[in-house]
Amino acid sequence: MVERRKPIPIHEAVQRIMAYPLKEKVESVPILESYERVLMKDLRATHSVPSFNRSPYDGYAIRSIDTATASRDTPALFTVIGEIGAGQVFKEEVGPNEAVRIMTGAMIPSGCDAVIMLELVHERSKTEIEIVRKVEQHDNISFIGEDTKELDLIAKAGTVIHPGVVAQLATFGQAEVSVASRPVVGILATGSELLEVNEPLEAGKIRNSNAYMVAAQVLRAGGVPLMLGQVPDEMDACMERIHNHFNEVDCLITTGGASVGDFDLVPGIVKRLEAETLFNKVAMRPGSVTTAAVKDGKLFFGLSGNPGACFVGFELFVRPLLRRSMRAPAHLPISKGKLGVDFPKPNPFTRLVRGKLNEQSGQHIVYPSGLDKSGSVVSLAEADVLILLPGGTRGYEKGADVDILLLNSHAGSDATWETFFSL
Ligand SMILES: Nc1nc2c(c(=O)[nH]1)N[C@H]1C(S)=C(S)[C@@H](COP(=O)(O)OP(=O)(O)OC[C@H]3O[C@@H](n4cnc5c(N)ncnc54)[C@H](O)[C@@H]3O)O[C@H]1N2
Ligand code: MOO
Ligand SMILES: [Mg+2]
C-alpha cells in the first residue's frame with residue numbers, strides 16, 4: 001500500500017526545522033577573507049573618525065580672524081611659513097597673518113581655524129598670498145569625530161560583511177575578523193538515472209544537475225558544500241555513503257527519491273538513520289515531497305529529485321537553518337510585485353513560481369521564468385524571484401498583487417513565515 005502522507009503548511013515546516021538550530025561556531029579570518037562572512041562581534045569605533053581635525057581641500061590653513069576686513073580693495077596678506085601633505089604634521093604654532101599650504105587629508109596646524117581652497121587665493125609668490133574675502137571660522141575643516149565617535153556602534157553582530165563593512169574593519173584596525181563558521185553541508189544525489197556532468201547522454205539517463213545546483217545554493221547561503229557524489233537507487237550503497245560522511249557534516253542533503261515510488265530511498269534512509277521525521281509532505285508546489293528529519297541534533301533533508309522542487313525546498317527550509325547558525329537574517333527577503341500575466345492554474349497547495357522580475361515605472365512586475373513544472377530545470381536559469389501564490393484559488397489574473405521572495409539579494413529577512421504567510 002502506498003504510504004499516505006499528511007501535508008503541513010509551509011510556516012509549520014519552517015518552524016519545525018528552526019526548532020533544531022545548528023550550533024553557532026566562531027572563527028577568526030584575515031580581513032581579506034571576510035567578505036560575505038557574517039560578523040560575530042559588534043564592531044564599535046575604537047577611535048573617533050576623523051581622529052584629528054583635517055583639511056578636506058588642497059588650500060591654505062589660516063586664522064580666520066586675519067581675513068575679517070579682507071576684500072578686493074583691501075586684500076589680507078599672508079606669509080606662507082610651510083607646506084604639508086596628508087600624513088605630515090606641522091609642528092609650529094601659526095601666528096597672525098601666517099598661512100600653511102595644506103593638502104587634502106593633512107592635519108590642521110595649531111593656531112589655524114579655517115582653510116581656504118587654492119583656487120580662491122592669489123599667490124604673489126611662493127611665500128606670499130592674498131585673500132580677498134572674509135573666511136568664516138571653521139570653514140573647510142573636517143572635525144574630529146564628525147564621521148563617528150569613539151565607541152559608536154558601527155555594525156552589529158549578524159551583519160553580512162560587504163565592502164562598506166570591510167572599510168570599517170580596516171578603519172578600526174581589525175586585521176583579523178571574528179566571523180561565524182560556515183556550516184558544512186553534505187550533498188548526495190541519488191538516482192540510477194544519473195550521469196556525471198562530464199558523461200555523454202544515454203537513453204533514459206540525465207546528468208546530475210541537482211548536486212551542483214544545491215552546492216551553489218549552499219555557497220550563496222554562506223555554507224560549505226561537501227560533495228558526497230551520486231549513488232544509484234540502492235539502499236546499501238546510499239547508506240554506506242551517508243555513514244562514511246555523517247560525522248563530517250553539520251547537515252545532510254540528499255536529492256531524489258523523496259516521493260512514494262518503488263525506488264524512492266528517502267523513507268528508508270530516515271528509518272536506517274533512526275532519525276525522527278519532522279515532516280515528509282508540505283502543502284506547497286513544487287517541493288511537496290520534501291522530507292526533513294533529525295538525528296543526533298543534525299538535520300537531514302530529503303529534497304525532491306525534480307530540480308524545481310529541489311531548488312525551492314532548499315531556499316525555504318535549508319537556507320534559513322544555515323543562515324540562522326551564522327546569526328544572519330534567516331529567510332529570503334520578501335517584496336511585493338504584480339503578476340505580469342494570467343496564471344490560470346488552480347491549486348490546492350501554495351505555489352512558488354520561479355519568476356523573473358521586471359522593473360516598470362517603479363513597480364515590480366513578475367513573470368514566470370519558464371515552464372512551471374517541478375521537473376523543469378531550465379526555468380531556473382532566469383529565475384530571480386519566487387512568486388508566492390497562496391493555494392485554494394482558481395488561479396490568478398494579470399495585475400494581481402503578489403508577494404515575491406528575492407533570490408539574488410545579499411540581504412535577508414527575519415520576517416517570520418508565521419506572521420507574513422500562514423500558507
Ligand atoms: N504517485 C506519486 N507520484 C509522485 C508524487 C506523489 O505524490 N505520488 N509526487 C510527485 C512530485 S510532487 C514530485 S516533486 C516527484 C518527486 O520525486 P522524487 O523526489 O522521488 O525524485 P525522483 O523520483 O528520484 O526524481 C524525480 C525527477 O527528478 C529527476 N532527478 C532526480 N535526481 C536528479 C538530479 N540529481 N539532477 C537532475 N534531475 C534529477 C529524475 O530523473 C526524475 O525525473 O515525484 C512525483 N511523483
Ligand atoms: O514535490 Mo512536487 O515538486 O510538489 O511537484
Ligand atoms: Mg521518485
# chains A, B, ... in the order shown; residues from 1 in each chain; ligands from 1
call {"tool": "select_by_dssp", "arguments": {"residues": "region 130-308 of chain A", "states": "strand (DSSP E)", "output": "PyMOL selection string"}}
result
chain A and resi 130-131+153-155+176-180+184-190+194-195+206-207+224-231+251-255+276-279+284-285+291-295+298-303
call {"tool": "residues_around", "arguments": {"residues": "Arg72 (chain A)", "least_positions_apart": "4", "cutoff": "10 Å", "atoms": "only C-alpha atoms", "output": "count of residues only"}}
result
5
call {"tool": "closest_atom_pairs", "arguments": {"of": "chain A", "to": "ligand 1", "cutoff": "6 Å", "atoms": "only C-alpha atoms and all ligand atoms", "output": "tab-separated table"}}
result
residue	atom	partner	partner_atom_place_in_ligand_line	distance
A:Ala189	CA	ligand 1	35 (N)	5.0
A:Gly191	CA	ligand 1	32 (N)	5.6
A:Asn208	CA	ligand 1	36 (N)	3.8
A:Ser209	CA	ligand 1	36 (N)	4.0
A:Asn210	CA	ligand 1	36 (N)	4.0
A:Ala211	CA	ligand 1	35 (N)	5.6
A:Thr255	CA	ligand 1	32 (N)	5.9
A:Gly256	CA	ligand 1	24 (O)	3.5
A:Gly257	CA	ligand 1	20 (O)	3.4
A:Ala258	CA	ligand 1	19 (O)	3.6
A:Ser259	CA	ligand 1	20 (O)	3.7
A:Val260	CA	ligand 1	8 (N)	5.9
A:Asp264	CA	ligand 1	20 (O)	5.3
A:Gly287	CA	ligand 1	14 (S)	5.5
A:Ser288	CA	ligand 1	12 (S)	5.4
A:Val289	CA	ligand 1	12 (S)	5.8
A:Ser304	CA	ligand 1	19 (O)	3.2
A:Gly305	CA	ligand 1	21 (O)	3.5
A:Asn306	CA	ligand 1	28 (O)	3.5
A:Pro307	CA	ligand 1	38 (N)	5.5
A:Ala309	CA	ligand 1	14 (S)	5.5
A:Ser374	CA	ligand 1	14 (S)	5.9
call {"tool": "residues_around", "arguments": {"residues": "Ile242 (chain A)", "least_positions_apart": "4", "cutoff": "10 Å", "atoms": "only C-alpha atoms", "output": "PyMOL selection string"}}
result
chain A and resi 186-188+228+236-238+246-247+252-254+269+273
call {"tool": "closest_residue", "arguments": {"among": "A:Glu93, A:Glu234, A:Asp58, A:Glu128", "to": "Val80 (chain A)", "atoms": "only C-alpha atoms"}}
result
A:Glu128
call {"tool": "atom_distance", "arguments": {"atom1": "CA of Leu407 (chain A)", "atom2": "CA of Lys205 (chain A)"}}
result
29.6 Å
call {"tool": "select_by_dssp", "arguments": {"residues": "region 34-232 of chain A", "states": "alpha helix (DSSP H)", "output": "CSV table (one decimal) with N, CA and C atoms, in the first residue's frame"}}
result
chain,number,residue,atom,x,y,z
A,163,PRO,N,31.5,45.3,1.1
A,163,PRO,CA,32.6,46.1,1.0
A,163,PRO,C,32.6,47.3,2.0
A,164,GLY,N,31.4,47.9,2.2
A,164,GLY,CA,31.3,49.0,3.1
A,164,GLY,C,31.7,48.6,4.6
A,165,VAL,N,31.4,47.4,4.9
A,165,VAL,CA,31.7,46.9,6.3
A,165,VAL,C,33.2,46.7,6.3
A,166,VAL,N,33.8,46.1,5.2
A,166,VAL,CA,35.2,45.9,5.2
A,166,VAL,C,36.0,47.2,5.4
A,167,ALA,N,35.5,48.3,4.9
A,167,ALA,CA,36.1,49.6,5.1
A,167,ALA,C,36.2,49.9,6.6
A,168,GLN,N,35.1,49.5,7.3
A,168,GLN,CA,35.1,49.8,8.8
A,168,GLN,C,36.1,48.9,9.5
A,169,LEU,N,36.1,47.7,9.1
A,169,LEU,CA,37.1,46.7,9.8
A,169,LEU,C,38.5,47.3,9.6
A,170,ALA,N,38.8,47.7,8.4
A,170,ALA,CA,40.2,48.3,8.2
A,170,ALA,C,40.4,49.5,9.0
A,171,THR,N,39.4,50.4,8.9
A,171,THR,CA,39.5,51.7,9.6
A,171,THR,C,39.8,51.5,11.1
A,210,ASN,N,21.2,18.5,-9.9
A,210,ASN,CA,20.8,19.0,-8.6
A,210,ASN,C,22.0,19.2,-7.6
A,211,ALA,N,22.9,18.2,-7.7
A,211,ALA,CA,24.0,18.3,-6.7
A,211,ALA,C,24.8,19.6,-6.8
A,212,TYR,N,25.0,20.0,-8.1
A,212,TYR,CA,25.8,21.2,-8.4
A,212,TYR,C,24.9,22.4,-8.1
A,213,MET,N,23.7,22.4,-8.4
A,213,MET,CA,22.8,23.5,-8.1
A,213,MET,C,22.7,23.7,-6.6
A,214,VAL,N,22.6,22.6,-5.8
A,214,VAL,CA,22.5,22.7,-4.4
A,214,VAL,C,23.8,23.2,-3.8
A,215,ALA,N,24.9,22.8,-4.4
A,215,ALA,CA,26.2,23.2,-3.9
A,215,ALA,C,26.3,24.8,-4.0
A,216,ALA,N,25.8,25.3,-5.2
A,216,ALA,CA,25.8,26.7,-5.4
A,216,ALA,C,24.9,27.4,-4.4
A,217,GLN,N,23.8,26.8,-4.1
A,217,GLN,CA,22.8,27.4,-3.1
A,217,GLN,C,23.4,27.4,-1.7
A,218,VAL,N,24.2,26.3,-1.4
A,218,VAL,CA,24.8,26.3,-0.1
A,218,VAL,C,25.8,27.5,0.0
A,219,LEU,N,26.6,27.6,-1.1
A,219,LEU,CA,27.6,28.7,-1.1
A,219,LEU,C,26.9,30.1,-1.0
A,220,ARG,N,25.8,30.2,-1.7
A,220,ARG,CA,25.1,31.5,-1.7
A,220,ARG,C,24.6,31.8,-0.3
A,221,ALA,N,24.2,30.7,0.4
A,221,ALA,CA,23.7,30.9,1.8
A,221,ALA,C,24.8,31.1,2.8
call {"tool": "residues_around", "arguments": {"residues": "Thr277 (chain A)", "least_positions_apart": "3", "cutoff": "10 Å", "atoms": "only C-alpha atoms", "output": "PyMOL selection string"}}
result
chain A and resi 267+270-271+274+280+291-295+299-301
call {"tool": "write_last_selection", "arguments": {"atoms": "C-alpha atoms", "output": "CSV table (one decimal), in the first residue's frame"}}
result
chain,number,residue,atom,x,y,z
A,267,PRO,CA,11.8,7.0,3.7
A,270,VAL,CA,15.2,8.1,7.6
A,271,LYS,CA,14.5,4.6,9.0
A,274,GLU,CA,16.9,6.1,13.1
A,280,ASN,CA,7.6,14.4,4.7
A,291,THR,CA,11.4,15.4,3.9
A,292,ALA,CA,13.1,16.7,7.0
A,293,ALA,CA,14.3,14.6,9.8
A,294,VAL,CA,16.6,15.0,12.8
A,295,LYS,CA,19.4,12.6,14.0
A,299,LEU,CA,19.2,17.9,10.2
A,300,PHE,CA,18.7,15.6,7.3
A,301,PHE,CA,16.8,16.9,4.3
call {"tool": "atom_distance", "arguments": {"atom1": "CA of Pro225 (chain A)", "atom2": "CA of Val318 (chain A)"}}
result
12.4 Å
call {"tool": "atom_distance", "arguments": {"atom1": "CA of Ala86 (chain A)", "atom2": "CA of Met107 (chain A)"}}
result
7.3 Å
call {"tool": "closest_residue", "arguments": {"among": "A:Lys41, A:Arg124, A:Arg324, A:His245", "to": "Phe78 (chain A)", "atoms": "only C-alpha atoms"}}
result
A:Arg124
call {"tool": "closest_residue", "arguments": {"among": "A:Val377, A:Leu316, A:Ile387, A:Ala70", "to": "Gly337 (chain A)", "atoms": "only C-alpha atoms"}}
result
A:Ile387
call {"tool": "residues_around", "arguments": {"residues": "Ser192 (chain A)", "least_positions_apart": "3", "cutoff": "8 Å", "atoms": "only C-alpha atoms", "output": "list in words"}}
result
Val231, Pro232 and Asp233 of chain A
call {"tool": "closest_residue", "arguments": {"among": "A:Thr416, A:Thr290, A:Asn358, A:Ser409", "to": "ligand 3", "atoms": "only C-alpha atoms and all ligand atoms"}}
result
A:Thr290
call {"tool": "residues_around", "arguments": {"residues": "region 410-412 of chain A", "least_positions_apart": "5", "cutoff": "9 Å", "atoms": "only C-alpha atoms", "output": "VMD selection string"}}
result
chain A and resid 36 160 162 220 323 328 to 334
call {"tool": "residues_around", "arguments": {"residues": "region 343-354 of chain A", "least_positions_apart": "4", "cutoff": "7 Å", "atoms": "only C-alpha atoms", "output": "ChimeraX atom specification"}}
result
/A:283-286,368-369,372,379-380,383,385-397,423
call {"tool": "closest_residue", "arguments": {"among": "A:Arg327, A:Met227, A:Leu405, A:Asp262", "to": "Lys356 (chain A)", "atoms": "only C-alpha atoms"}}
result
A:Leu405
call {"tool": "closest_residue", "arguments": {"among": "A:Ile65, A:Val14, A:Val249, A:Leu303", "to": "ligand 3", "atoms": "only C-alpha atoms and all ligand atoms"}}
result
A:Leu303
